[in-house]
$ cat coords_28.txt   # compact mmCIF, C-alpha atoms
# COMPACT_ATOMS: atom_id res chain seq x y z
CA MET Z 5 18.28 47.36 -4.46
CA ASN Z 6 19.23 44.85 -7.11
CA ASN Z 7 21.69 43.31 -4.73
CA THR Z 8 18.95 42.65 -2.15
CA LEU Z 9 16.73 41.20 -4.86
CA TYR Z 10 19.37 38.72 -6.02
CA ASN Z 11 20.25 37.88 -2.43
CA ASN Z 12 16.67 37.03 -1.62
CA ILE Z 13 16.11 34.99 -4.77
CA THR Z 14 19.24 32.93 -4.05
CA ARG Z 15 18.22 32.54 -0.42
CA PHE Z 16 14.75 31.32 -1.48
CA VAL Z 17 16.10 28.67 -3.85
CA ILE Z 18 18.89 27.48 -1.56
CA LEU Z 19 16.64 27.24 1.50
CA VAL Z 20 14.01 25.26 -0.44
CA LEU Z 21 16.63 22.84 -1.75
CA VAL Z 22 18.30 22.44 1.66
CA GLN Z 23 14.91 21.85 3.27
CA VAL Z 24 13.65 19.35 0.73
CA LEU Z 25 16.81 17.41 -0.01
CA ILE Z 26 18.53 17.34 3.39
CA CYS Z 27 16.42 18.48 6.33
CA ASN Z 28 13.33 16.43 5.48
CA HIS Z 29 15.39 13.24 5.65
CA ILE Z 30 17.07 13.74 9.01
CA ASN Z 31 14.28 12.08 11.05
CA PHE Z 32 16.21 12.37 14.29
CA LEU Z 33 14.75 9.89 16.82
CA GLY Z 34 12.23 8.85 14.19
CA TYR Z 35 10.31 12.07 13.65
CA ILE Z 36 12.26 15.23 14.56
CA ASN Z 37 13.09 17.36 11.51
CA PRO Z 38 14.31 20.96 11.43
CA TYR Z 39 12.57 23.47 9.15
CA PRO Z 40 15.24 26.11 8.49
CA TYR Z 41 13.34 27.52 5.48
CA VAL Z 42 11.61 29.93 7.90
CA LEU Z 43 14.90 31.87 7.83
CA PHE Z 44 13.76 33.40 4.55
CA ILE Z 45 10.80 35.02 6.27
CA LEU Z 46 12.81 35.93 9.37
CA LEU Z 47 15.61 37.65 7.48
CA PHE Z 48 13.52 39.37 4.82
CA PRO Z 49 14.44 43.10 4.70
CA VAL Z 50 12.30 45.02 7.17
CA LYS Z 51 11.57 48.16 5.23
CA ASN Z 52 10.06 46.35 2.28
CA ASN Z 53 6.39 46.33 1.52
CA ARG Z 54 4.34 44.16 3.82
CA MET Z 55 2.28 42.70 0.99
CA THR Z 56 5.41 41.42 -0.74
CA ILE Z 57 6.55 39.40 2.23
CA ILE Z 58 3.09 37.92 2.86
CA PHE Z 59 2.85 36.84 -0.76
CA LEU Z 60 6.41 35.52 -0.93
CA SER Z 61 5.89 33.51 2.27
CA PHE Z 62 2.82 31.93 0.76
CA LEU Z 63 4.84 31.02 -2.32
CA LEU Z 64 7.65 29.59 -0.21
CA GLY Z 65 5.27 27.52 1.91
CA LEU Z 66 3.43 26.24 -1.13
CA THR Z 67 6.70 25.15 -2.77
CA ILE Z 68 7.65 23.17 0.33
CA ASP Z 69 4.12 21.71 0.45
CA MET Z 70 4.38 20.61 -3.14
CA PHE Z 71 7.59 18.73 -2.42
CA GLN Z 72 6.24 17.23 0.79
CA ASP Z 73 2.68 16.40 -0.37
CA SER Z 74 1.33 18.07 2.73
CA GLY Z 75 -1.55 20.11 1.28
CA GLY Z 76 -1.26 23.71 2.48
CA VAL Z 77 0.25 23.17 5.90
CA HIS Z 78 3.54 25.02 5.38
CA ALA Z 79 1.86 27.76 3.35
CA ALA Z 80 -0.63 28.50 6.14
CA ALA Z 81 2.04 28.62 8.84
CA SER Z 82 4.37 30.78 6.72
CA VAL Z 83 1.65 33.28 5.82
CA CYS Z 84 0.73 33.56 9.51
CA ILE Z 85 4.21 34.40 10.73
CA ALA Z 86 4.74 36.77 7.81
CA TYR Z 87 1.60 38.63 8.85
CA ILE Z 88 2.45 38.89 12.54
CA ARG Z 89 6.13 39.63 11.92
CA PRO Z 90 5.89 43.43 12.51
CA LEU Z 91 4.31 42.78 15.92
CA ILE Z 92 7.09 40.44 17.00
CA LEU Z 93 9.72 42.79 15.58
CA LYS Z 94 8.27 45.68 17.56
CA SER Z 95 8.18 43.74 20.81
CA THR Z 96 11.69 42.27 20.49
CA PHE Z 97 13.68 45.12 18.93
CA GLY Z 98 11.64 48.06 20.22
CA MET Z 99 13.07 51.41 19.20
CA MET Z 100 15.18 50.04 16.41
CA TYR Z 101 12.09 48.82 14.62
CA GLU Z 102 10.36 52.17 15.06
CA HIS Z 103 13.24 53.84 13.26
CA GLN Z 104 13.31 51.19 10.56
CA THR Z 105 17.02 50.66 11.02
CA ILE Z 106 17.22 46.94 11.70
CA LYS Z 107 20.06 45.18 9.94
CA PHE Z 108 20.01 41.55 10.98
CA ASP Z 109 23.78 41.32 10.63
CA ASN Z 110 24.45 43.72 13.49
CA VAL Z 111 21.78 43.44 16.15
CA GLU Z 112 22.56 42.02 19.55
CA TYR Z 113 22.30 38.26 19.99
CA GLY Z 114 19.80 38.39 22.85
CA SER Z 115 16.99 40.08 20.95
CA LYS Z 116 17.84 38.16 17.79
CA PHE Z 117 17.51 34.89 19.71
CA THR Z 118 14.11 35.92 21.16
CA TYR Z 119 12.89 37.01 17.74
CA ILE Z 120 13.91 33.74 16.03
CA SER Z 121 12.53 31.61 18.87
CA ILE Z 122 9.11 33.26 19.02
CA MET Z 123 8.63 33.18 15.25
CA THR Z 124 9.79 29.56 14.98
CA LEU Z 125 7.57 28.37 17.83
CA ILE Z 126 4.48 30.04 16.34
CA HIS Z 127 5.27 28.69 12.88
CA HIS Z 128 5.84 25.12 14.10
CA PHE Z 129 2.77 25.12 16.30
CA ILE Z 130 0.47 26.17 13.44
CA MET Z 131 2.17 23.77 11.05
CA PHE Z 132 1.94 20.70 13.28
CA SER Z 133 -1.63 21.43 14.41
CA LEU Z 134 -2.71 21.59 10.78
CA GLU Z 135 -0.63 18.56 9.81
CA ILE Z 136 -2.00 16.32 12.54
CA PHE Z 137 -5.42 18.03 12.41
CA ASN Z 138 -6.82 16.21 15.41
CA ALA Z 139 -7.63 17.95 18.68
CA SER Z 140 -7.29 14.73 20.66
CA LYS Z 141 -3.63 14.49 19.69
CA ILE Z 142 -2.67 17.87 21.17
CA ILE Z 143 0.11 16.28 23.21
CA LEU Z 144 1.73 14.92 20.03
CA VAL Z 145 1.41 18.40 18.44
CA LEU Z 146 3.10 20.10 21.39
CA GLN Z 147 5.79 17.44 21.57
CA LYS Z 148 6.62 17.75 17.88
CA THR Z 149 6.50 21.57 18.09
CA LEU Z 150 8.90 21.67 21.01
CA PHE Z 151 11.50 19.25 19.69
CA SER Z 152 11.47 20.47 16.09
CA SER Z 153 11.60 24.10 17.26
CA ILE Z 154 14.72 23.49 19.32
CA PHE Z 155 16.34 21.90 16.27
CA THR Z 156 15.23 24.70 13.93
CA ILE Z 157 16.25 27.51 16.30
CA LEU Z 158 19.71 26.00 16.73
CA LEU Z 159 20.19 25.62 12.98
CA SER Z 160 18.85 29.13 12.23
CA ILE Z 161 21.13 30.81 14.76
CA LEU Z 162 24.12 28.84 13.51
CA ALA Z 163 23.28 29.81 9.93
CA THR Z 164 22.92 33.50 10.78
CA ILE Z 165 26.26 33.45 12.60
CA ILE Z 166 28.08 31.59 9.84
CA PHE Z 167 26.68 33.65 6.97
CA SER Z 168 26.71 37.06 8.63
CA ARG Z 169 28.66 39.82 6.91
CA LYS Z 170 29.63 41.71 10.02
CA LYS Z 171 32.88 43.61 9.77
CA MET A 7 -18.37 52.84 -3.04
CA GLN A 8 -15.55 55.22 -2.15
CA GLN A 9 -15.68 53.94 1.40
CA ILE A 10 -15.48 50.31 0.35
CA ILE A 11 -12.41 51.03 -1.77
CA ASN A 12 -10.88 52.98 1.08
CA PHE A 13 -11.55 50.09 3.43
CA ILE A 14 -9.89 47.65 1.02
CA ILE A 15 -6.85 49.88 0.61
CA ARG A 16 -6.54 50.45 4.34
CA ASN A 17 -6.77 46.77 5.18
CA LYS A 18 -5.02 45.36 2.13
CA ASN A 19 -2.42 43.51 4.20
CA PHE A 20 -5.00 41.84 6.36
CA LEU A 21 -7.20 40.95 3.40
CA LEU A 22 -4.25 39.47 1.50
CA PHE A 23 -3.30 37.51 4.60
CA LEU A 24 -6.86 36.25 4.98
CA LEU A 25 -7.07 35.26 1.32
CA LEU A 26 -3.78 33.36 1.26
CA PHE A 27 -4.43 31.76 4.65
CA GLY A 28 -7.84 30.66 3.41
CA ILE A 29 -6.31 29.11 0.31
CA SER A 30 -3.76 27.17 2.38
CA ILE A 31 -6.42 25.94 4.81
CA PHE A 32 -8.48 24.81 1.81
CA PHE A 33 -5.51 22.81 0.48
CA THR A 34 -4.88 21.39 3.95
CA ILE A 35 -8.43 20.19 4.41
CA GLN A 36 -8.41 18.75 0.94
CA SER A 37 -5.21 16.83 1.64
CA HIS A 38 -6.77 15.29 4.73
CA SER A 39 -9.55 13.65 2.75
CA TYR A 40 -8.72 10.64 0.69
CA HIS A 41 -8.15 11.16 -3.04
CA LYS A 42 -8.76 14.88 -3.01
CA SER A 43 -5.28 16.40 -3.18
CA LYS A 44 -5.66 17.35 -6.82
CA PHE A 45 -3.71 20.59 -7.05
CA ILE A 46 -0.75 20.41 -4.74
CA ASN A 47 1.03 17.10 -5.10
CA SER A 48 4.59 16.11 -5.83
CA ALA A 49 3.79 14.13 -8.99
CA ASN A 50 4.57 17.04 -11.27
CA PHE A 51 7.37 17.89 -13.63
CA LEU A 52 9.35 20.08 -11.24
CA THR A 53 9.25 18.17 -7.95
CA GLY A 54 9.29 14.76 -9.63
CA GLY A 55 12.30 15.78 -11.70
CA VAL A 56 14.22 17.02 -8.66
CA TYR A 57 13.49 13.89 -6.64
CA ASN A 58 14.29 11.64 -9.59
CA SER A 59 17.72 13.14 -10.20
CA VAL A 60 18.54 13.01 -6.48
CA SER A 61 17.42 9.39 -6.14
CA ASN A 62 19.59 8.51 -9.15
CA ILE A 63 22.57 9.44 -6.99
CA SER A 64 21.41 8.37 -3.54
CA GLY A 65 20.28 5.01 -4.92
CA TYR A 66 23.92 3.88 -4.97
CA PHE A 67 24.22 4.19 -1.21
CA ASN A 68 21.81 1.37 -0.42
CA LEU A 69 22.49 -0.82 -3.46
CA LYS A 70 23.80 -3.57 -1.22
CA SER A 71 20.80 -3.88 1.06
CA GLN A 72 18.39 -3.59 -1.87
CA ASN A 73 20.29 -6.33 -3.72
CA GLU A 74 20.00 -8.58 -0.69
CA ILE A 75 16.24 -8.02 -0.55
CA LEU A 76 15.90 -8.85 -4.25
CA ALA A 77 18.15 -11.93 -3.95
CA LYS A 78 16.03 -13.20 -1.06
CA GLU A 79 12.91 -12.78 -3.16
CA ASN A 80 14.52 -14.61 -6.10
CA ASN A 81 15.47 -17.41 -3.77
CA ARG A 82 11.92 -17.74 -2.47
CA LEU A 83 10.43 -17.70 -5.97
CA LYS A 84 12.95 -20.31 -7.23
CA GLN A 85 12.05 -22.59 -4.35
CA MET A 86 8.37 -22.24 -5.18
CA LEU A 87 9.04 -22.91 -8.85
CA TYR A 88 11.17 -26.04 -8.50
CA ASN A 89 9.27 -27.54 -5.58
CA ALA A 90 5.91 -27.19 -7.32
CA ASN A 91 4.13 -30.37 -8.38
CA GLN A 92 5.48 -31.53 -11.70
CA ASN A 93 2.26 -33.21 -12.89
CA LEU A 94 0.78 -30.07 -14.35
CA ASP A 95 1.10 -31.15 -17.96
CA SER A 96 -2.57 -32.03 -18.49
CA VAL A 97 -4.16 -28.91 -17.10
CA PHE A 98 -7.16 -27.65 -19.02
CA LEU A 99 -6.30 -24.28 -20.52
CA ASP A 100 -9.04 -21.95 -21.66
CA THR A 101 -7.17 -20.21 -24.44
CA LEU A 102 -9.92 -17.66 -25.01
CA ALA A 103 -9.81 -16.35 -21.47
CA ASN A 104 -6.08 -16.30 -20.92
CA GLU A 105 -5.94 -12.70 -19.84
CA LYS A 106 -4.44 -12.39 -16.40
CA LEU A 107 -6.64 -10.94 -13.70
CA TYR A 108 -3.79 -9.08 -12.01
CA LYS A 109 -1.12 -7.26 -14.00
CA TYR A 110 2.15 -6.35 -12.34
CA THR A 111 4.46 -3.41 -13.17
CA THR A 112 7.81 -2.76 -11.51
CA ALA A 113 8.81 0.72 -10.32
CA ASN A 114 11.20 2.45 -7.94
CA ILE A 115 10.38 4.68 -5.00
CA ILE A 116 12.14 7.99 -5.51
CA ARG A 117 10.92 9.66 -2.33
CA ASN A 118 10.22 7.77 0.86
CA ASN A 119 8.53 9.38 3.84
CA TYR A 120 7.59 7.89 7.22
CA SER A 121 7.93 10.65 9.82
CA ALA A 122 4.63 12.51 9.34
CA THR A 123 1.17 11.23 10.30
CA ASP A 124 0.00 11.20 6.66
CA ASN A 125 2.86 9.81 4.64
CA ILE A 126 2.89 9.92 0.85
CA LEU A 127 5.54 8.31 -1.37
CA LEU A 128 6.60 9.20 -4.90
CA ILE A 129 7.34 6.58 -7.58
CA ASN A 130 8.91 6.91 -11.02
CA LYS A 131 6.09 5.46 -13.13
CA GLY A 132 3.03 7.42 -14.22
CA SER A 133 0.15 7.56 -16.65
CA LYS A 134 2.63 6.94 -19.49
CA ASP A 135 3.08 3.43 -18.09
CA SER A 136 -0.73 3.15 -17.67
CA ILE A 137 -0.62 3.56 -13.91
CA LYS A 138 -3.94 4.87 -12.63
CA GLU A 139 -5.53 5.91 -9.38
CA ASP A 140 -6.30 3.12 -6.87
CA PHE A 141 -3.76 0.59 -8.09
CA GLY A 142 -2.15 -1.40 -5.28
CA VAL A 143 1.56 -1.09 -4.48
CA ILE A 144 3.55 -3.91 -2.84
CA SER A 145 7.17 -4.87 -2.36
CA SER A 146 8.68 -8.34 -2.18
CA ASN A 147 8.00 -8.40 1.57
CA GLY A 148 4.44 -7.18 1.58
CA ILE A 149 2.03 -4.34 1.22
CA ILE A 150 3.13 -0.69 0.78
CA GLY A 151 0.16 1.44 -0.25
CA ILE A 152 -2.29 2.62 -2.90
CA VAL A 153 -1.64 4.91 -5.91
CA ASN A 154 -3.20 8.32 -5.34
CA GLU A 155 -2.35 10.84 -8.07
CA THR A 156 -0.56 10.30 -11.36
CA SER A 157 1.19 12.62 -13.77
CA LYS A 158 2.85 11.66 -17.04
CA ASN A 159 6.03 10.22 -15.51
CA TYR A 160 5.37 10.06 -11.76
CA ALA A 161 2.73 8.95 -9.31
CA THR A 162 2.12 9.53 -5.61
CA VAL A 163 1.36 6.57 -3.37
CA ILE A 164 -0.59 6.76 -0.11
CA SER A 165 1.54 4.70 2.25
CA VAL A 166 0.00 2.27 4.76
CA LEU A 167 1.61 4.68 7.24
CA ASN A 168 -1.15 7.22 6.65
CA SER A 169 -3.94 7.96 9.09
CA THR A 170 -6.53 8.49 6.33
CA VAL A 171 -6.15 5.11 4.64
CA LYS A 172 -8.04 1.91 5.53
CA ILE A 173 -7.05 -1.37 3.89
CA SER A 174 -9.09 -4.54 4.20
CA ALA A 175 -7.02 -7.27 5.89
CA GLN A 176 -7.65 -10.65 7.46
CA LEU A 177 -6.10 -13.41 9.54
CA LYS A 178 -4.27 -15.98 7.44
CA LYS A 179 -5.63 -19.02 9.28
CA THR A 180 -9.30 -18.00 9.31
CA ASN A 181 -11.34 -15.62 7.19
CA HIS A 182 -12.09 -13.05 9.89
CA TYR A 183 -11.39 -9.67 8.37
CA GLY A 184 -10.97 -6.08 9.57
CA SER A 185 -9.40 -2.78 8.51
CA LEU A 186 -5.74 -1.88 8.68
CA VAL A 187 -5.14 1.64 10.01
CA TRP A 188 -2.17 3.54 11.45
CA ASN A 189 -2.09 5.53 14.67
CA GLY A 190 0.78 7.76 13.49
CA LYS A 191 3.33 6.66 16.06
CA ASN A 192 5.77 3.90 15.14
CA PRO A 193 6.54 3.22 11.44
CA ALA A 194 7.22 -0.46 12.19
CA TYR A 195 3.68 -1.19 13.46
CA THR A 196 0.17 -0.69 12.10
CA GLN A 197 -3.15 -1.47 13.77
CA LEU A 198 -5.79 -3.93 12.62
CA ILE A 199 -9.22 -3.00 13.97
CA ASP A 200 -12.77 -4.39 13.69
CA ILE A 201 -11.82 -8.05 14.03
CA GLN A 202 -14.73 -9.94 15.60
CA LYS A 203 -14.32 -11.03 19.21
CA ILE A 204 -14.95 -14.69 18.29
CA ALA A 205 -11.92 -14.78 15.98
CA PRO A 206 -9.12 -16.98 17.37
CA VAL A 207 -6.30 -14.41 17.46
CA ALA A 208 -2.92 -15.43 18.87
CA LYS A 209 0.42 -13.71 19.12
CA GLY A 210 2.56 -14.41 16.05
CA ASP A 211 -0.36 -15.02 13.66
CA THR A 212 0.16 -13.81 10.09
CA ILE A 213 -2.03 -11.01 8.70
CA ILE A 214 -2.68 -10.92 4.92
CA THR A 215 -4.79 -8.79 2.58
CA SER A 216 -8.36 -10.02 2.23
CA GLY A 217 -8.89 -9.32 -1.48
CA MET A 218 -12.26 -7.71 -0.79
CA SER A 219 -11.37 -4.23 -1.94
CA SER A 220 -10.47 -5.13 -5.57
CA ILE A 221 -7.22 -3.18 -5.07
CA PHE A 222 -5.05 -5.98 -3.70
CA PRO A 223 -5.40 -9.68 -4.54
CA LYS A 224 -6.04 -11.97 -1.60
CA GLY A 225 -3.04 -13.25 0.33
CA ILE A 226 -0.44 -10.47 0.10
CA PRO A 227 1.49 -10.62 3.38
CA ILE A 228 1.22 -7.64 5.73
CA GLY A 229 2.74 -8.57 9.08
CA ILE A 230 2.43 -10.64 12.24
CA VAL A 231 0.38 -10.07 15.39
CA GLU A 232 2.56 -8.38 18.01
CA ASP A 233 -0.09 -7.95 20.71
CA PHE A 234 -3.86 -7.52 20.84
CA LYS A 235 -6.62 -6.32 23.14
CA LEU A 236 -10.39 -5.78 23.04
CA ASP A 237 -11.51 -2.27 22.14
CA ARG A 238 -13.49 -0.06 24.51
CA ALA A 239 -16.88 -1.54 23.55
CA GLU A 240 -15.42 -5.06 23.98
CA ASN A 241 -16.84 -6.30 20.69
CA PHE A 242 -13.82 -6.12 18.45
CA TYR A 243 -10.15 -6.84 18.75
CA GLU A 244 -7.58 -4.12 18.26
CA ILE A 245 -4.43 -5.81 17.00
CA ASN A 246 -0.94 -4.34 16.83
CA VAL A 247 0.62 -5.66 13.62
CA LYS A 248 4.38 -5.72 13.09
CA LEU A 249 4.93 -5.07 9.38
CA PHE A 250 7.05 -7.45 7.30
CA ASN A 251 8.24 -4.45 5.27
CA ASP A 252 10.85 -2.13 6.69
CA MET A 253 9.05 1.04 5.59
CA THR A 254 12.18 3.09 6.16
CA ASN A 255 14.20 1.17 3.56
CA LEU A 256 12.18 0.81 0.35
CA GLU A 257 13.20 0.96 -3.25
CA HIS A 258 11.97 -1.72 -5.65
CA ILE A 259 8.20 -2.11 -5.73
CA TYR A 260 5.45 -3.73 -7.80
CA ILE A 261 2.26 -2.03 -8.90
CA ILE A 262 -0.81 -4.27 -9.16
CA GLU A 263 -3.60 -3.61 -11.62
CA ASN A 264 -6.86 -5.51 -11.25
CA ALA A 265 -8.22 -6.04 -14.77
CA ASP A 266 -11.78 -6.59 -13.50
CA LYS A 267 -11.83 -3.52 -11.33
CA ASN A 268 -14.22 -1.48 -13.51
CA GLU A 269 -16.66 -4.35 -13.69
CA ILE A 270 -16.62 -4.80 -9.92
CA THR A 271 -17.08 -1.11 -9.11
CA ASN A 272 -19.87 -0.83 -11.70
CA LEU A 273 -21.63 -3.81 -10.16
CA LEU A 274 -21.28 -2.40 -6.65
CA ASN A 275 -22.57 1.00 -7.74
CA GLY A 276 -25.54 -0.71 -9.36
CA ASN A 277 -25.12 0.91 -12.75
CA LEU A 278 -24.02 -2.09 -14.80
CA ASN A 279 -25.01 -1.59 -18.41
CA GLU A 280 -27.17 -4.25 -20.05

$ encode --input "coords_28.txt" --output "structure tokens"
Amino acid sequence: MNNTLYNNITRFVILVLVQVLICNHINFLGYINPYPYVLFILLFPVKNNRMTIIFLSFLLGLTIDMFQDSGGVHAAASVCIAYIRPLILKSTFGMMYEHQTIKFDNVEYGSKFTYISIMTLIHHFIMFSLEIFNASKIILVLQKTLFSSIFTILLSILATIIFSRKK
Amino acid sequence: MQQIINFIIRNKNFLLFLLLFGISIFFTIQSHSYHKSKFINSANFLTGGVYNSVSNISGYFNLKSQNEILAKENNRLKQMLYNANQNLDSVFLDTLANEKLYKYTTANIIRNNYSATDNILLINKGSKDSIKEDFGVISSNGIIGIVNETSKNYATVISVLNSTVKISAQLKKTNHYGSLVWNGKNPAYTQLIDIQKIAPVAKGDTIITSGMSSIFPKGIPIGIVEDFKLDRAENFYEINVKLFNDMTNLEHIYIIENADKNEITNLLNGNLNE
């Protein structure tokens, strides 16, 4: 239990620092940035209390917002995906979720990829709609969502492969 | 009563979600209106400290280009100084009113941002250096933005690359003025709108600040006219302005304080005492 706690605290701090100090300054082609901090929400232990993850996601989003001066954009998106996470988990992992036996280190890549992609797309869409906050610029929102999502999904999958503890 | 408590316990996840989502939407809406982002901003001890220590290191990487910018400015100022008329020795000086109207403070940008639609910068001077809300921020090449929030050691600056900001600007050759806005697309260009149709606009004209807002003095360079067209109602020009500043490479800046600002705002609000 303590081990998971320390793991998650370290993950929180490292992801915030990586996001704020490196990923926000990439600006690929002028505006495309990855947001790999969503990994914290994606990889949070499944059997834990649902209230904990909703609250921690809010905290994570708010920290990023504070660094980025973006109001509550990241907080809103993070809280949303934390709330709908069980739904997505159920639809992508099926039986494994029912039995509460998901370990993200040893699930198959196909369902893991679907899970990460769906969560990232939802997160980015909410985030960019709130950031741009203008219905007439929906094309810009979709464009940013698509390109940043590709970037984030690639980075997230790479990170999960590199840091997995599969034996 | 029992039922209400049961309902809350049953739906505690959803209620927590709704509460936190509501709070974030509240912050978001607040950040979209000018001068309202009171709670969540990066001018605090933690975020300012992190950015400051990082910019202490990363500042070395563009020392060369920043030095060139400063040397160019020195060169321009020296030329102005030594080519000025030398017969200024008998100017009447009012020694009682020798306070300068505009006070300048230097600062460094410790976080630059240009990829979002509402960009906010962070600088390393704050209320300790008597920086307050609504002071103008410029660099040696031209306009940068307006101070938004201040803490003890840091301040946030609303960049000209922000869709919520409007800055009064005019043509250099005539006094036709309009507002400078940004459409959120290219960080090298901003848009000047509400210029009267009768104004003689031409490609390559210089755009400067108009000095009507009491934030910036008149005549701070902004950019040159890249192209222009009439807006949909065909009454006003919509001008694409190429900024003199490279907004992606900023470090040394000047903060402008207008000493008469309180007097002007009091007069405009009609509550001048006496």

$ residues_around --input "coords_28.txt" --residues "Phe132 (chain Z)" --least-positions-apart "6" --cutoff "8 Å" --atoms "all atoms listed in the file" --output "PyMOL selection string"
chain Z and resi 77+145+148-149

$ residues_near_point --input "coords_28.txt" --point "(13.5, 40.3, 25.7)" --cutoff "7 Å" --atoms "all atoms listed in the file" --output "list in words"
Thr96, Ser115 and Thr118 of chain Z

$ residues_around --input "coords_28.txt" --residues "region 242-255 of chain A" --least-positions-apart "5" --cutoff "8 Å" --atoms "all atoms listed in the file" --output "JSON, numbers by chain"
{"A": [118, 119, 120, 145, 147, 148, 149, 150, 193, 194, 195, 196, 197, 198, 199, 200, 201, 202, 203, 213, 227, 228, 229, 230, 231, 232, 233, 234, 235, 236, 237]}

$ residues_around --input "coords_28.txt" --residues "Gly225 (chain A)" --least-positions-apart "2" --cutoff "7 Å" --atoms "all atoms listed in the file" --output "list in words"
Ile214, Thr215, Ser216, Pro223 and Pro227 of chain A

$ residues_around --input "coords_28.txt" --residues "Asn58 (chain A)" --least-positions-apart "4" --cutoff "8 Å" --atoms "only C-alpha atoms" --output "ChimeraX atom specification"
/A:54,62,116,130

$ atom_distance --input "coords_28.txt" --atom1 "CA of Ile58 (chain Z)" --atom2 "CA of Ile29 (chain A)"
13.1 Å

$ interface_residues --input "coords_28.txt" --of "chain A" --to "chain Z" --cutoff "9 Å" --atoms "only C-alpha atoms" --output "PyMOL selection string"
chain A and resi 18-20+22-23+26-38+43+45-50+53-54+57+60+118-127+162+192-193

$ closest_residue --input "coords_28.txt" --among "Z:Val50, Z:Ile142, Z:Tyr119, Z:Phe108" --to "Phe167 (chain Z)" --atoms "only C-alpha atoms"
Z:Phe108

$ atom_distance --input "coords_28.txt" --atom1 "CA of Asn189 (chain A)" --atom2 "CA of Asn154 (chain A)"
20.2 Å

$ residues_around --input "coords_28.txt" --residues "Val143 (chain A)" --least-positions-apart "5" --cutoff "7 Å" --atoms "only C-alpha atoms" --output "PyMOL selection string"
chain A and resi 149-153+259-262

$ atom_distance --input "coords_28.txt" --atom1 "CA of Val171 (chain A)" --atom2 "CA of His127 (chain Z)"
27.5 Å

$ residues_near_point --input "coords_28.txt" --point "(16.0, 46.1, 0.4)" --cutoff "9 Å" --atoms "only C-alpha atoms" --output "list in words"
Met5, Asn6, Asn7, Thr8, Leu9, Phe48, Pro49, Val50, Lys51 and Asn52 of chain Z

$ closest_residue --input "coords_28.txt" --among "Z:Ile57, Z:Ile165, Z:Leu64, Z:Val111" --to "Gln23 (chain Z)" --atoms "only C-alpha atoms"
Z:Leu64

$ closest_residue --input "coords_28.txt" --among "Z:Phe97, Z:Ile13, Z:Ile130, Z:Thr124" --to "Leu158 (chain Z)" --atoms "only C-alpha atoms"
Z:Thr124
